[in-house]
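Comments concern the structure below.
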Amino acid sequence: MKDELEGILSGDLLKRALDESDHGIVVTDPEGTIQTVSERFVELSGYSASELVGSNPRLIRSGQTPDAMYRDLWETIRTGRTWKGAILNRRKDGTLFLDRESIIRGVGRTGDRACYVAIHRDSNVELDLRLKIAKAEANYQAVADEIDEAKSSINTLVSFTKHQLGSTAQSLIAAMEARDPYTAGHGRRTSLMIELVGDELGLFPQFSREGVRFGAILHDIGKIGVPDAILLKAGSLTGPEYEVIKTHPVVGFDILSLAFQEDEILRIVRSHHERLDGSGYPDRLRGPQIPDYVKAFSVCDCFDALTSSRSYRRALPAEDAISILTDDALTGRLDMSAVNAVRRLWKRGVLGDVKALPVAA
């Protein structure tokens, strides 16, 4: 029975088992002569089974694997351990393939003769996948770099555009102030004031300092559309004339919304005449609907207007202006915290430097 079982294992059953394997399998005798191979190894090597059986596995060597690796291989399997590694081998047609091998030492049927079983796996597929992954990663990085470069270009363009628009806006303001010498420098002074008041109230960096500052400079840009007869009128305005003046926040908003998206800029331009009790214009907003930076700017705007000479009145002393602002805050029109910030800054002498600025913007 034992001899019969050994015969089966050495015959067709063993060959069938080898051929069913997904890996290339080579069985050699103790001298290293190939005794049998699986069909997968025939495909992998490019040699026929008849060419392989009776030959030495050195048949597929490429000559590009260091001798030290082979020494390590033999030292390992001779001690009964399994050797695992990757060797660059050569097919019959001369092409190279990365051969991931596992080699074990077995015992023959008589129990006294060793044999070796080598399991070969073509790692070129794995290598190809790794190369594809590496290529994809490189392509991704290239695309990412292109995206970053595009973003940088866009940011540069936006900065340049903003600079150009800022220059244009400054030109419009200069033209507007040239029409009305009483408002010359008003935008510049209020922009400095709102920064000081904003710092005093802790509004930054919750809101954009640049946006608030730029919005302050541009807040009266809509007056460019107000006729001289109304803008420069020395006496009191009639009801219809005042309605024309009240259009300047919307006109300014419409002009700037074509070029800017910053909320702080557009909200200051549109809403700087809104009041907490809903009595302002153009949208009759009430307290919570008005951003804190707009509430603060409205106080700065009023303070600078009251302390500057106009065609219809002289400039008021700062103390009188602050008293008026306080009354407006007590009646619910202006924000008291912003009024108190202006009072503190004035007492410290900070706002005096702002008011002393030359009128030229």
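Quick note on naming: the chains in the structure tokens go A, B, ... in the order shown, residues restart at 1 in each chain, and ligands are numbered from 1 in order of appearance.
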Which residues are close to Thr307 in chain A, i.e. within 12 Å by only C-alpha atoms, leaving aside same-chain residues fewer than 2 positions away? Reply as a PyMOL selection string. chain A and resi 182-183+186+189-190+300-305+309-310+313-325+351-352+354-356
Convert the current residue selection to file output with C-alpha atoms, as a PDB file, in the first residue's frame.
```pdb
ATOM      1  CA  TYR A 182     -15.497 119.979   2.047  1.00  0.00           C
ATOM      2  CA  THR A 183     -15.348 116.179   1.797  1.00  0.00           C
ATOM      3  CA  HIS A 186     -13.030 112.126   4.418  1.00  0.00           C
ATOM      4  CA  ARG A 189      -9.635 109.723   7.644  1.00  0.00           C
ATOM      5  CA  THR A 190     -12.572 107.397   8.278  1.00  0.00           C
ATOM      6  CA  CYS A 300     -16.654 107.036  12.644  1.00  0.00           C
ATOM      7  CA  ASP A 301     -18.419 108.464   9.604  1.00  0.00           C
ATOM      8  CA  CYS A 302     -20.671 110.648  11.728  1.00  0.00           C
ATOM      9  CA  PHE A 303     -17.803 111.809  13.955  1.00  0.00           C
ATOM     10  CA  ASP A 304     -15.659 112.884  11.004  1.00  0.00           C
ATOM     11  CA  ALA A 305     -18.632 114.572   9.316  1.00  0.00           C
ATOM     12  CA  SER A 309     -16.624 121.950   7.878  1.00  0.00           C
ATOM     13  CA  ARG A 310     -19.444 121.732   5.354  1.00  0.00           C
ATOM     14  CA  ARG A 313     -22.144 124.691   8.701  1.00  0.00           C
ATOM     15  CA  ARG A 314     -18.833 124.976  10.529  1.00  0.00           C
ATOM     16  CA  ALA A 315     -16.978 122.070  12.043  1.00  0.00           C
ATOM     17  CA  LEU A 316     -17.991 121.162  15.591  1.00  0.00           C
ATOM     18  CA  PRO A 317     -15.500 120.614  18.420  1.00  0.00           C
ATOM     19  CA  ALA A 318     -14.830 116.923  19.015  1.00  0.00           C
ATOM     20  CA  GLU A 319     -16.419 117.046  22.486  1.00  0.00           C
ATOM     21  CA  ASP A 320     -19.671 118.419  21.031  1.00  0.00           C
ATOM     22  CA  ALA A 321     -19.619 115.803  18.290  1.00  0.00           C
ATOM     23  CA  ILE A 322     -19.149 113.000  20.823  1.00  0.00           C
ATOM     24  CA  SER A 323     -22.043 114.415  22.879  1.00  0.00           C
ATOM     25  CA  ILE A 324     -24.291 114.287  19.794  1.00  0.00           C
ATOM     26  CA  LEU A 325     -23.190 110.750  19.025  1.00  0.00           C
ATOM     27  CA  LEU A 351      -8.010 110.662  16.925  1.00  0.00           C
ATOM     28  CA  GLY A 352      -6.507 114.130  17.037  1.00  0.00           C
ATOM     29  CA  VAL A 354      -6.203 111.475  12.366  1.00  0.00           C
ATOM     30  CA  LYS A 355      -8.143 114.721  12.166  1.00  0.00           C
ATOM     31  CA  ALA A 356      -4.904 116.619  11.610  1.00  0.00           C
TER      32      ALA A 356
END
```
Backbone DSSP call of helix (DSSP H, G or I) for range 167-303 of chain A, listed as a count of residues only: 92
Which residues come within 12 Å of Leu330 in chain A, counting only C-alpha atoms, excluding same-chain residues fewer than 5 positions away, as a ChimeraX atom specification? /A:276-277,323-325,335-337,339-340
